[in-house]
>>> print(open('target20.pdb').read())   # PDB, C-alpha atoms and all ligand atoms
ATOM      1  CA  MET A1441       0.000   0.000   0.000
ATOM      2  CA  GLU A1442       1.295   3.435  -0.921
ATOM      3  CA  ARG A1443       1.320   6.363   1.526
ATOM      4  CA  ILE A1444       1.609   9.601  -0.412
ATOM      5  CA  LEU A1445       2.742  13.106   0.515
ATOM      6  CA  VAL A1446       2.016  16.024  -1.828
ATOM      7  CA  ILE A1447       4.045  19.147  -1.044
ATOM      8  CA  GLY A1448       2.646  22.270  -2.661
ATOM      9  CA  ALA A1449      -0.915  20.951  -2.335
ATOM     10  CA  ASN A1450      -2.388  24.449  -2.561
ATOM     11  CA  GLY A1451      -0.884  25.025  -5.973
ATOM     12  CA  GLN A1452      -2.368  24.671  -9.430
ATOM     13  CA  ILE A1453      -1.057  21.118  -9.943
ATOM     14  CA  GLY A1454      -0.994  20.062  -6.291
ATOM     15  CA  SER A1455      -4.664  20.638  -5.595
ATOM     16  CA  GLU A1456      -5.802  18.492  -8.519
ATOM     17  CA  LEU A1457      -3.131  15.865  -7.945
ATOM     18  CA  VAL A1458      -4.208  15.390  -4.326
ATOM     19  CA  GLU A1459      -7.773  14.924  -5.510
ATOM     20  CA  ALA A1460      -6.778  12.310  -8.110
ATOM     21  CA  LEU A1461      -4.436  10.456  -5.739
ATOM     22  CA  ALA A1462      -7.066  10.378  -2.985
ATOM     23  CA  ILE A1463      -9.482   8.722  -5.427
ATOM     24  CA  GLN A1464      -6.832   6.246  -6.573
ATOM     25  CA  HIS A1465      -5.249   5.347  -3.226
ATOM     26  CA  GLY A1466      -7.930   6.314  -0.699
ATOM     27  CA  ALA A1467      -8.198   9.601   1.195
ATOM     28  CA  ALA A1468      -6.536   8.093   4.266
ATOM     29  CA  ASN A1469      -3.372   7.367   2.280
ATOM     30  CA  VAL A1470      -2.765  10.885   1.002
ATOM     31  CA  VAL A1471      -1.266  13.722   3.043
ATOM     32  CA  ALA A1472      -1.720  17.183   1.560
ATOM     33  CA  ALA A1473       0.988  19.630   2.616
ATOM     34  CA  ASP A1474       1.787  23.245   1.961
ATOM     35  CA  ILE A1475       3.465  26.166   3.664
ATOM     36  CA  SER A1476       0.124  27.554   4.843
ATOM     37  CA  PRO A1477      -3.112  25.775   5.780
ATOM     38  CA  ALA A1478      -5.708  25.169   3.117
ATOM     39  CA  SER A1479      -8.346  22.759   1.900
ATOM     40  CA  LEU A1480      -7.809  19.013   1.955
ATOM     41  CA  TYR A1481      -8.702  18.527  -1.727
ATOM     42  CA  GLY A1482     -10.105  15.122  -0.890
ATOM     43  CA  ALA A1483      -7.245  13.985   1.357
ATOM     44  CA  GLN A1484      -7.919  13.110   4.986
ATOM     45  CA  VAL A1485      -4.900  14.805   6.501
ATOM     46  CA  TYR A1486      -3.287  18.160   6.051
ATOM     47  CA  GLU A1487       0.167  19.146   7.323
ATOM     48  CA  VAL A1488       1.899  22.512   7.231
ATOM     49  CA  ILE A1489       5.380  21.942   5.789
ATOM     50  CA  ASP A1490       8.031  24.389   4.654
ATOM     51  CA  VAL A1491      10.013  22.255   2.205
ATOM     52  CA  LEU A1492      13.132  24.194   3.211
ATOM     53  CA  ASN A1493      12.815  22.730   6.728
ATOM     54  CA  ALA A1494      14.503  19.340   6.248
ATOM     55  CA  GLN A1495      13.824  18.160   9.795
ATOM     56  CA  ARG A1496      10.105  18.882   9.587
ATOM     57  CA  LEU A1497      10.005  17.091   6.245
ATOM     58  CA  ALA A1498      11.728  14.017   7.698
ATOM     59  CA  ASP A1499       9.394  14.040  10.706
ATOM     60  CA  VAL A1500       6.216  14.100   8.588
ATOM     61  CA  VAL A1501       7.527  11.421   6.198
ATOM     62  CA  GLY A1502       8.407   9.253   9.206
ATOM     63  CA  GLN A1503       5.158   9.917  11.070
ATOM     64  CA  TYR A1504       2.947   8.814   8.163
ATOM     65  CA  GLN A1505       5.376   6.203   6.785
ATOM     66  CA  ILE A1506       5.292   7.930   3.437
ATOM     67  CA  THR A1507       6.346   5.850   0.410
ATOM     68  CA  GLN A1508       5.865   8.464  -2.351
ATOM     69  CA  VAL A1509       6.436  12.188  -2.285
ATOM     70  CA  TYR A1510       5.454  14.760  -4.884
ATOM     71  CA  GLN A1511       7.569  17.903  -4.387
ATOM     72  CA  LEU A1512       5.659  20.660  -6.186
ATOM     73  CA  ALA A1513       6.573  23.735  -4.118
ATOM     74  CA  ALA A1514       8.330  26.233  -6.411
ATOM     75  CA  LEU A1515       8.436  29.766  -7.752
ATOM     76  CA  LEU A1516       7.528  29.866 -11.462
ATOM     77  CA  SER A1517       9.172  31.707 -14.346
ATOM     78  CA  ALA A1518       7.701  35.214 -14.129
ATOM     79  CA  THR A1519       7.658  35.515 -10.313
ATOM     80  CA  GLY A1520      11.111  33.933 -10.193
ATOM     81  CA  GLU A1521      12.486  36.859 -12.192
ATOM     82  CA  GLN A1522      11.179  39.244  -9.493
ATOM     83  CA  ALA A1523      13.078  37.380  -6.754
ATOM     84  CA  PRO A1524      15.844  35.272  -8.347
ATOM     85  CA  LEU A1525      17.663  34.265  -5.154
ATOM     86  CA  LYS A1526      14.449  33.271  -3.436
ATOM     87  CA  ALA A1527      13.444  31.230  -6.500
ATOM     88  CA  TRP A1528      16.816  29.496  -6.622
ATOM     89  CA  THR A1529      16.770  28.674  -2.901
ATOM     90  CA  LEU A1530      13.222  27.357  -2.871
ATOM     91  CA  ASN A1531      13.481  25.412  -6.128
ATOM     92  CA  MET A1532      16.919  23.877  -5.493
ATOM     93  CA  ASP A1533      17.029  23.386  -1.724
ATOM     94  CA  GLY A1534      13.451  22.111  -1.731
ATOM     95  CA  LEU A1535      14.417  19.401  -4.209
ATOM     96  CA  LEU A1536      17.705  18.628  -2.455
ATOM     97  CA  ASN A1537      15.947  18.189   0.885
ATOM     98  CA  ILE A1538      13.630  15.612  -0.693
ATOM     99  CA  LEU A1539      16.411  13.785  -2.544
ATOM    100  CA  GLU A1540      18.577  13.635   0.574
ATOM    101  CA  LEU A1541      15.673  12.299   2.612
ATOM    102  CA  ALA A1542      15.018   9.663  -0.068
ATOM    103  CA  ARG A1543      18.706   8.723  -0.066
ATOM    104  CA  ILE A1544      18.815   8.373   3.721
ATOM    105  CA  ARG A1545      15.537   6.448   3.937
ATOM    106  CA  GLY A1546      16.548   4.213   1.023
ATOM    107  CA  ALA A1547      19.798   3.314   2.784
ATOM    108  CA  ALA A1548      17.743   2.436   5.875
ATOM    109  CA  GLY A1549      15.491   0.087   3.881
ATOM    110  CA  GLN A1550      12.555   2.525   3.725
ATOM    111  CA  PRO A1551      12.436   3.547   0.051
ATOM    112  CA  LEU A1552      10.818   6.843  -0.869
ATOM    113  CA  LYS A1553       9.716   7.295  -4.471
ATOM    114  CA  VAL A1554       9.994  10.928  -5.623
ATOM    115  CA  PHE A1555       8.157  12.994  -8.229
ATOM    116  CA  TRP A1556       9.565  16.382  -9.134
ATOM    117  CA  PRO A1557       8.337  18.631 -11.950
ATOM    118  CA  SER A1558      10.678  20.044 -14.557
ATOM    119  CA  SER A1559       9.435  22.354 -17.291
ATOM    120  CA  ILE A1560       9.748  23.555 -20.869
ATOM    121  CA  ALA A1561      11.593  26.439 -19.171
ATOM    122  CA  ALA A1562      14.647  24.162 -18.892
ATOM    123  CA  PHE A1563      15.182  24.830 -22.614
ATOM    124  CA  GLY A1564      16.605  28.074 -23.983
ATOM    125  CA  PRO A1565      17.186  30.286 -27.006
ATOM    126  CA  ASN A1566      19.567  27.852 -28.718
ATOM    127  CA  THR A1567      17.317  24.828 -28.262
ATOM    128  CA  PRO A1568      15.621  23.706 -31.515
ATOM    129  CA  ALA A1569      12.147  25.167 -30.983
ATOM    130  CA  VAL A1570      10.035  22.862 -33.137
ATOM    131  CA  ASN A1571       9.561  19.268 -32.045
ATOM    132  CA  THR A1572      12.235  19.847 -29.395
ATOM    133  CA  PRO A1573      14.127  16.574 -28.848
ATOM    134  CA  GLN A1574      14.452  14.856 -25.493
ATOM    135  CA  TYR A1575      18.222  15.335 -25.633
ATOM    136  CA  THR A1576      19.318  18.668 -27.066
ATOM    137  CA  VAL A1577      20.946  22.019 -26.278
ATOM    138  CA  MET A1578      19.624  23.310 -22.951
ATOM    139  CA  ASP A1579      20.608  26.893 -22.160
ATOM    140  CA  PRO A1580      17.764  28.324 -20.048
ATOM    141  CA  SER A1581      17.823  32.063 -19.470
ATOM    142  CA  THR A1582      15.448  32.452 -16.500
ATOM    143  CA  ILE A1583      16.364  31.604 -12.907
ATOM    144  CA  TYR A1584      13.379  29.246 -12.913
ATOM    145  CA  GLY A1585      14.655  27.459 -16.030
ATOM    146  CA  ILE A1586      18.187  27.285 -14.637
ATOM    147  CA  SER A1587      16.815  25.724 -11.435
ATOM    148  CA  LYS A1588      14.858  23.202 -13.513
ATOM    149  CA  LEU A1589      17.893  22.176 -15.570
ATOM    150  CA  ALA A1590      20.053  21.868 -12.438
ATOM    151  CA  GLY A1591      17.237  19.955 -10.753
ATOM    152  CA  GLU A1592      17.065  17.503 -13.643
ATOM    153  CA  ARG A1593      20.761  16.802 -13.267
ATOM    154  CA  LEU A1594      20.338  16.306  -9.507
ATOM    155  CA  CYS A1595      17.499  13.837 -10.082
ATOM    156  CA  GLU A1596      19.637  11.781 -12.437
ATOM    157  CA  TYR A1597      22.606  12.025 -10.064
ATOM    158  CA  TYR A1598      20.635  10.728  -7.082
ATOM    159  CA  PHE A1599      19.252   7.888  -9.191
ATOM    160  CA  GLN A1600      22.650   6.866 -10.603
ATOM    161  CA  LYS A1601      24.642   7.297  -7.425
ATOM    162  CA  TYR A1602      22.191   6.305  -4.695
ATOM    163  CA  GLY A1603      19.419   4.440  -6.515
ATOM    164  CA  VAL A1604      16.752   6.985  -5.519
ATOM    165  CA  ASP A1605      13.609   6.173  -7.521
ATOM    166  CA  VAL A1606      12.984   9.692  -8.811
ATOM    167  CA  ARG A1607      10.711  10.495 -11.749
ATOM    168  CA  SER A1608      10.043  13.747 -13.565
ATOM    169  CA  ILE A1609       8.155  15.397 -16.417
ATOM    170  CA  ARG A1610       9.057  18.564 -18.311
ATOM    171  CA  TYR A1611       5.586  20.051 -18.058
ATOM    172  CA  PRO A1612       4.318  22.249 -20.851
ATOM    173  CA  GLY A1613       2.154  25.207 -19.748
ATOM    174  CA  ILE A1614      -0.723  23.711 -17.781
ATOM    175  CA  ILE A1615      -4.264  24.927 -18.473
ATOM    176  CA  SER A1616      -6.842  24.429 -15.708
ATOM    177  CA  TYR A1617      -9.870  26.029 -14.083
ATOM    178  CA  LYS A1618      -9.962  24.744 -10.483
ATOM    179  CA  SER A1619      -7.075  26.587  -8.830
ATOM    180  CA  PRO A1620      -5.474  29.765 -10.107
ATOM    181  CA  PRO A1621      -1.950  29.416 -11.490
ATOM    182  CA  GLY A1622       0.815  31.411  -9.861
ATOM    183  CA  GLY A1623       3.199  33.595 -11.799
ATOM    184  CA  GLY A1624       3.919  31.639 -14.970
ATOM    185  CA  THR A1625       4.586  32.838 -18.512
ATOM    186  CA  THR A1626       2.054  30.378 -19.925
ATOM    187  CA  ASP A1627      -0.714  31.671 -17.637
ATOM    188  CA  TYR A1628      -2.125  33.990 -20.329
ATOM    189  CA  ALA A1629      -3.839  30.851 -21.622
ATOM    190  CA  ILE A1630      -5.869  30.683 -18.396
ATOM    191  CA  ALA A1631      -6.462  34.397 -17.772
ATOM    192  CA  ILE A1632      -7.858  34.717 -21.300
ATOM    193  CA  PHE A1633     -10.811  32.438 -20.410
ATOM    194  CA  HIS A1634     -11.697  34.448 -17.313
ATOM    195  CA  ALA A1635     -11.650  37.681 -19.344
ATOM    196  CA  ALA A1636     -13.732  36.065 -22.083
ATOM    197  CA  LEU A1637     -16.391  34.925 -19.607
ATOM    198  CA  ARG A1638     -16.465  38.348 -17.955
ATOM    199  CA  GLY A1639     -17.119  39.850 -21.377
ATOM    200  CA  GLU A1640     -13.834  41.761 -21.367
ATOM    201  CA  CYS A1641     -11.329  42.381 -24.134
ATOM    202  CA  TYR A1642      -8.247  40.409 -23.015
ATOM    203  CA  PRO A1643      -4.933  42.321 -22.915
ATOM    204  CA  CYS A1644      -2.546  39.512 -23.861
ATOM    205  CA  PHE A1645       0.964  39.791 -22.445
ATOM    206  CA  LEU A1646       2.406  37.582 -25.223
ATOM    207  CA  GLU A1647       2.507  38.356 -28.948
ATOM    208  CA  GLU A1648      -0.134  36.731 -31.089
ATOM    209  CA  GLU A1649       2.201  34.327 -32.914
ATOM    210  CA  THR A1650       4.005  33.052 -29.796
ATOM    211  CA  THR A1651       3.407  29.318 -30.007
ATOM    212  CA  LEU A1652       4.080  27.329 -26.827
ATOM    213  CA  PRO A1653       3.579  23.710 -25.768
ATOM    214  CA  MET A1654       0.575  23.428 -23.442
ATOM    215  CA  ILE A1655      -1.348  20.630 -21.766
ATOM    216  CA  TYR A1656      -4.833  20.434 -20.270
ATOM    217  CA  MET A1657      -4.825  19.569 -16.560
ATOM    218  CA  PRO A1658      -6.542  16.150 -16.854
ATOM    219  CA  ASP A1659      -3.827  15.076 -19.307
ATOM    220  CA  ALA A1660      -1.109  16.497 -17.014
ATOM    221  CA  ILE A1661      -2.476  14.595 -14.010
ATOM    222  CA  ARG A1662      -2.805  11.389 -16.019
ATOM    223  CA  ALA A1663       0.773  11.766 -17.289
ATOM    224  CA  THR A1664       2.089  12.316 -13.769
ATOM    225  CA  ILE A1665       0.316   9.347 -12.220
ATOM    226  CA  SER A1666       1.126   7.052 -15.186
ATOM    227  CA  LEU A1667       4.802   7.872 -14.839
ATOM    228  CA  MET A1668       4.742   7.267 -11.089
ATOM    229  CA  ASP A1669       2.905   3.960 -11.571
ATOM    230  CA  ALA A1670       5.190   2.692 -14.378
ATOM    231  CA  PRO A1671       7.521  -0.221 -13.524
ATOM    232  CA  ALA A1672      10.979   1.163 -12.732
ATOM    233  CA  ALA A1673      12.611  -1.194 -15.227
ATOM    234  CA  GLU A1674      10.736   0.459 -18.107
ATOM    235  CA  LEU A1675      12.042   3.953 -17.412
ATOM    236  CA  SER A1676      15.078   4.964 -19.455
ATOM    237  CA  ILE A1677      15.119   8.599 -18.282
ATOM    238  CA  ARG A1678      15.727   9.741 -14.712
ATOM    239  CA  SER A1679      16.363  13.391 -15.485
ATOM    240  CA  SER A1680      12.963  14.422 -16.917
ATOM    241  CA  TYR A1681      10.679  13.307 -19.742
ATOM    242  CA  ASN A1682       9.421  15.539 -22.563
ATOM    243  CA  VAL A1683       5.624  15.298 -22.522
ATOM    244  CA  ALA A1684       3.520  17.028 -25.184
ATOM    245  CA  GLY A1685      -0.152  17.945 -25.030
ATOM    246  CA  VAL A1686      -1.235  20.562 -27.539
ATOM    247  CA  SER A1687       0.672  23.517 -29.028
ATOM    248  CA  PHE A1688      -1.001  26.819 -29.898
ATOM    249  CA  ASN A1689      -0.421  30.573 -29.901
ATOM    250  CA  PRO A1690      -2.609  33.365 -28.479
ATOM    251  CA  ARG A1691      -4.204  34.072 -31.881
ATOM    252  CA  GLU A1692      -5.245  30.439 -32.315
ATOM    253  CA  LEU A1693      -6.553  30.255 -28.759
ATOM    254  CA  ALA A1694      -8.526  33.493 -29.179
ATOM    255  CA  THR A1695     -10.028  32.155 -32.430
ATOM    256  CA  ALA A1696     -11.119  28.956 -30.689
ATOM    257  CA  ILE A1697     -12.702  30.983 -27.861
ATOM    258  CA  LYS A1698     -14.475  33.238 -30.388
ATOM    259  CA  GLN A1699     -16.051  30.177 -31.984
ATOM    260  CA  ASN A1700     -17.819  29.628 -28.653
ATOM    261  CA  LEU A1701     -18.182  33.269 -27.547
ATOM    262  CA  PRO A1702     -18.472  35.318 -30.750
ATOM    263  CA  GLY A1703     -18.265  38.647 -28.876
ATOM    264  CA  PHE A1704     -14.841  37.864 -27.421
ATOM    265  CA  ASP A1705     -11.981  40.190 -28.303
ATOM    266  CA  ILE A1706      -8.255  40.274 -27.572
ATOM    267  CA  HIS A1707      -5.551  42.895 -27.920
ATOM    268  CA  TYR A1708      -1.830  42.432 -27.613
ATOM    269  CA  ALA A1709       0.291  44.222 -25.015
ATOM    270  CA  PRO A1710       3.437  42.090 -24.702
ATOM    271  CA  ASP A1711       5.500  42.635 -21.545
ATOM    272  CA  SER A1712       8.657  41.078 -20.084
ATOM    273  CA  ARG A1713       7.063  37.632 -20.251
ATOM    274  CA  GLN A1714       7.258  37.764 -24.053
ATOM    275  CA  ALA A1715      11.072  37.680 -23.856
ATOM    276  CA  ILE A1716      10.838  34.574 -21.663
ATOM    277  CA  ALA A1717       8.359  32.811 -23.956
ATOM    278  CA  ALA A1718      10.526  33.582 -26.989
ATOM    279  CA  THR A1719      13.267  31.322 -25.587
ATOM    280  CA  TRP A1720      10.994  28.314 -25.020
ATOM    281  CA  PRO A1721      10.058  25.497 -27.436
ATOM    282  CA  GLN A1722       6.973  25.649 -29.632
ATOM    283  CA  SER A1723       6.381  21.906 -29.588
ATOM    284  CA  LEU A1724       8.004  18.861 -27.994
ATOM    285  CA  ASP A1725       9.080  15.452 -29.198
ATOM    286  CA  ASP A1726       7.764  13.116 -26.500
ATOM    287  CA  ALA A1727       8.521   9.817 -28.277
ATOM    288  CA  GLN A1728      10.483   8.470 -25.294
ATOM    289  CA  ALA A1729       7.580   8.984 -22.860
ATOM    290  CA  ARG A1730       5.248   7.256 -25.333
ATOM    291  CA  LYS A1731       7.668   4.344 -25.687
ATOM    292  CA  ASP A1732       8.675   3.907 -22.036
ATOM    293  CA  TRP A1733       5.376   4.362 -20.187
ATOM    294  CA  GLY A1734       2.724   4.595 -22.877
ATOM    295  CA  TRP A1735       2.103   8.352 -22.780
ATOM    296  CA  GLN A1736      -0.631   9.542 -25.134
ATOM    297  CA  PRO A1737      -2.340  12.957 -24.858
ATOM    298  CA  GLU A1738      -6.131  12.921 -25.113
ATOM    299  CA  VAL A1739      -7.351  16.509 -25.045
ATOM    300  CA  GLY A1740      -7.015  18.793 -28.079
ATOM    301  CA  LEU A1741      -7.533  22.547 -28.392
ATOM    302  CA  GLN A1742     -11.271  22.568 -29.192
ATOM    303  CA  GLN A1743     -12.192  20.187 -26.393
ATOM    304  CA  MET A1744     -10.040  22.073 -23.908
ATOM    305  CA  VAL A1745     -11.600  25.413 -24.827
ATOM    306  CA  GLN A1746     -15.137  24.083 -24.481
ATOM    307  CA  ASP A1747     -14.356  22.431 -21.166
ATOM    308  CA  MET A1748     -12.703  25.567 -19.752
ATOM    309  CA  LEU A1749     -15.627  27.776 -20.796
ATOM    310  CA  LYS A1750     -18.092  25.328 -19.277
ATOM    311  CA  ASN A1751     -16.319  24.956 -15.946
ATOM    312  CA  ILE A1752     -14.873  28.345 -15.012
ATOM    313  CA  GLN A1753     -17.055  29.820 -12.294
ATOM    314  CA  VAL A1754     -18.359  33.287 -13.098
ATOM    315  CA  THR A1755     -21.308  35.162 -11.669
ATOM    316  CA  PRO A1756     -24.591  35.206 -13.655
ATOM    317  CA  LYS A1757     -24.014  38.939 -14.229
ATOM    318  CA  GLU A1758     -20.644  38.266 -15.813
ATOM    319  CA  LEU A1759     -22.108  35.497 -17.980
ATOM    320  CA  HIS A1760     -24.851  37.819 -19.184
ATOM    321  CA  LYS A1761     -22.232  40.383 -20.187
ATOM    322  CA  ALA A1762     -20.318  37.727 -22.158
ATOM    323  CA  ALA A1763     -23.304  36.434 -24.145
TER     324      ALA A1763
HETATM  325  N1  LIG A1801       4.126  27.205 -16.829
HETATM  326  C1  LIG A1801       5.422  27.544 -16.331
HETATM  327  C2  LIG A1801       5.673  28.994 -16.401
HETATM  328  O1  LIG A1801       5.114  29.617 -17.265
HETATM  329  C3  LIG A1801       6.482  26.833 -17.105
HETATM  330  O2  LIG A1801       6.794  25.667 -16.467
HETATM  331  O3  LIG A1801       6.440  29.482 -15.645
END
>>> encode(input="target20.pdb", output="structure tokens", more="lines below")
Ligand code: SER
Amino acid sequence: MERILVIGANGQIGSELVEALAIQHGAANVVAADISPASLYGAQVYEVIDVLNAQRLADVVGQYQITQVYQLAALLSATGEQAPLKAWTLNMDGLLNILELARIRGAAGQPLKVFWPSSIAAFGPNTPAVNTPQYTVMDPSTIYGISKLAGERLCEYYFQKYGVDVRSIRYPGIISYKSPPGGGTTDYAIAIFHAALRGECYPCFLEEETTLPMIYMPDAIRATISLMDAPAAELSIRSSYNVAGVSFNPRELATAIKQNLPGFDIHYAPDSRQAIAATWPQSLDDAQARKDWGWQPEVGLQQMVQDMLKNIQVTPKELHKAA
């Protein structure tokens, strides 16, 4: 039986992952944790954990006899640029604390399986942007991307040197409606839906032709859990897997929204996030994930748009304005 700890449970991915894991493993077997108290998201227990506090982390893992940990606490690309040292410390030391704990527990015969998210931000301006290969030039230019690339190398190092069973995905931008995202460059593709449903013209902070790899949350959750459930012997990558969902740019997304809400309008006001997006891939080659653990995306652009518009909560007044 697995006992699972999700750190960063209040976040965009964490909240939905806790929900999915509680359904799969039973609410009693999932511990939701974050730096401040919040909802349980279907889990039975909630613990306040600062991932930078290694002792507290070890205590909670020991107390609940945790066998799997998802370390999702991080600063994202845009907020990371506002506080680079804080982003580096949280993203790197948070991961190192988990890997060290897994190493120590593994040596004591109490293995701890680890999931850690990497990102398309680990790529950079000299990476081939179209159908970006699994193995290629990686020269990230944001502190977030640099922490992701370094983190990937740490994951592989702890696997090779200490046998830590660590698994990772290079997430594309994740689109979802349940919890708000926090400070990412891809978040325009969520904010745009809220503006559309409020009947507002959306001021897009990326240029209209800026194509980025994205993924709808149900696909992202399925990818994450499939990778964690895959037999270790089938995994050929312990740094981080490319995983593709759907690629589009703001113009294409706006067109798809307009097909459902004909009154919707967008204008373009690129800011500093455009320079970040310009260094990231447009699409990913995820052949290795498909081969190793059977990855297959299910949700395309049209379905995602319709689902987002159906599920985002807006007041009746806002809906009336959008019609
Ligand atoms: N979605 C993230 C961001 O935009 C990338 O991993 O920062």
>>> residues_around(input="target20.pdb", residues="range 1688-1694 of chain A", least_positions_apart="5", cutoff="7 Å", atoms="all atoms listed in the file", output="PDB file with C-alpha atoms, in the coordinates of the input")
ATOM      1  CA  GLU A1648      -0.134  36.731 -31.089  1.00  0.00           C
ATOM      2  CA  GLU A1649       2.201  34.327 -32.914  1.00  0.00           C
ATOM      3  CA  THR A1650       4.005  33.052 -29.796  1.00  0.00           C
ATOM      4  CA  THR A1651       3.407  29.318 -30.007  1.00  0.00           C
ATOM      5  CA  LEU A1652       4.080  27.329 -26.827  1.00  0.00           C
ATOM      6  CA  PRO A1653       3.579  23.710 -25.768  1.00  0.00           C
ATOM      7  CA  ILE A1706      -8.255  40.274 -27.572  1.00  0.00           C
TER       8      ILE A1706
END
>>> residues_around(input="target20.pdb", residues="range 1485-1487 of chain A", least_positions_apart="6", cutoff="7 Å", atoms="all atoms listed in the file", output="PyMOL selection string")
chain A and resi 1471-1474
>>> write_last_selection(input="target20.pdb", atoms="C-alpha atoms", output="PDB file, in the coordinates of the input")
ATOM      1  CA  VAL A1471      -1.266  13.722   3.043  1.00  0.00           C
ATOM      2  CA  ALA A1472      -1.720  17.183   1.560  1.00  0.00           C
ATOM      3  CA  ALA A1473       0.988  19.630   2.616  1.00  0.00           C
ATOM      4  CA  ASP A1474       1.787  23.245   1.961  1.00  0.00           C
TER       5      ASP A1474
END
>>> residues_near_ligand(input="target20.pdb", ligand="ligand LIG 1801 (chain A)", cutoff="7 Å", atoms="all atoms listed in the file", output="list in words")
Leu1516, Ser1517, Ala1518, Ser1559, Ile1560, Ala1561, Tyr1611, Pro1612, Gly1613, Ile1614, Gly1623, Gly1624, Thr1625, Thr1626 and Asp1627 of chain A
>>> atom_distance(input="target20.pdb", atom1="CA of Leu1461 in chain A", atom2="CA of Arg1607 in chain A")
16.3 Å
>>> resolve_selection(input="target20.pdb", expression="the PyMOL selection byres (((chain A and resi 1501) around 10) and not hetatm)", output="list in words")
Arg1443, Ile1444, Leu1445, Val1471, Gln1495, Arg1496, Leu1497, Ala1498, Asp1499, Val1500, Gly1502, Gln1503, Tyr1504, Gln1505, Ile1506, Thr1507, Gln1508, Val1509, Leu1541, Ala1542, Arg1545 and Leu1552 of chain A
>>> resolve_selection(input="target20.pdb", expression="the PyMOL selection byres (((chain A and resi 1577-1590) around 6) and not hetatm)", output="list of chain:residue names")
A:Ser1517, A:Gly1520, A:Pro1524, A:Ser1558, A:Ala1561, A:Ala1562, A:Phe1563, A:Gly1564, A:Thr1567, A:Thr1576, A:Gly1591, A:Glu1592, A:Arg1593
>>> closest_residue(input="target20.pdb", among="A:Phe1633, A:Arg1730, A:Cys1644, A:Asp1711", to="Gln1746 in chain A", atoms="all atoms listed in the file")
A:Phe1633
>>> closest_residue(input="target20.pdb", among="A:Ser1608, A:Asn1450, A:Ser1479, A:Ser1619", to="Leu1675 in chain A", atoms="all atoms listed in the file")
A:Ser1608
>>> resolve_selection(input="target20.pdb", expression="the PyMOL selection byres (((chain A and resi 1599) around 12) and not hetatm)", output="compact mmCIF listing (two decimals) with C-alpha atoms, keeping the file's coordinate frame")
# COMPACT_ATOMS: atom_id res chain seq x y z
CA LEU A 1539 16.41 13.78 -2.54
CA GLU A 1540 18.58 13.64 0.57
CA ALA A 1542 15.02 9.66 -0.07
CA ARG A 1543 18.71 8.72 -0.07
CA GLY A 1546 16.55 4.21 1.02
CA LEU A 1552 10.82 6.84 -0.87
CA LYS A 1553 9.72 7.30 -4.47
CA VAL A 1554 9.99 10.93 -5.62
CA GLU A 1592 17.07 17.50 -13.64
CA ARG A 1593 20.76 16.80 -13.27
CA LEU A 1594 20.34 16.31 -9.51
CA CYS A 1595 17.50 13.84 -10.08
CA GLU A 1596 19.64 11.78 -12.44
CA TYR A 1597 22.61 12.02 -10.06
CA TYR A 1598 20.64 10.73 -7.08
CA GLN A 1600 22.65 6.87 -10.60
CA LYS A 1601 24.64 7.30 -7.42
CA TYR A 1602 22.19 6.30 -4.70
CA GLY A 1603 19.42 4.44 -6.52
CA VAL A 1604 16.75 6.98 -5.52
CA ASP A 1605 13.61 6.17 -7.52
CA VAL A 1606 12.98 9.69 -8.81
CA ARG A 1607 10.71 10.50 -11.75
CA SER A 1608 10.04 13.75 -13.56
CA ALA A 1672 10.98 1.16 -12.73
CA LEU A 1675 12.04 3.95 -17.41
CA SER A 1676 15.08 4.96 -19.45
CA ILE A 1677 15.12 8.60 -18.28
CA ARG A 1678 15.73 9.74 -14.71
CA SER A 1679 16.36 13.39 -15.48
CA SER A 1680 12.96 14.42 -16.92
>>> closest_residue(input="target20.pdb", among="A:Leu1530, A:Ala1635, A:Leu1512, A:Ala1547", to="Ile1752 in chain A", atoms="all atoms listed in the file")
A:Ala1635
>>> atom_distance(input="target20.pdb", atom1="CA of Asp1725 in chain A", atom2="CA of Ile1453 in chain A")
22.5 Å
>>> atom_distance(input="target20.pdb", atom1="CA of Leu1457 in chain A", atom2="CA of Ile1661 in chain A")
6.2 Å
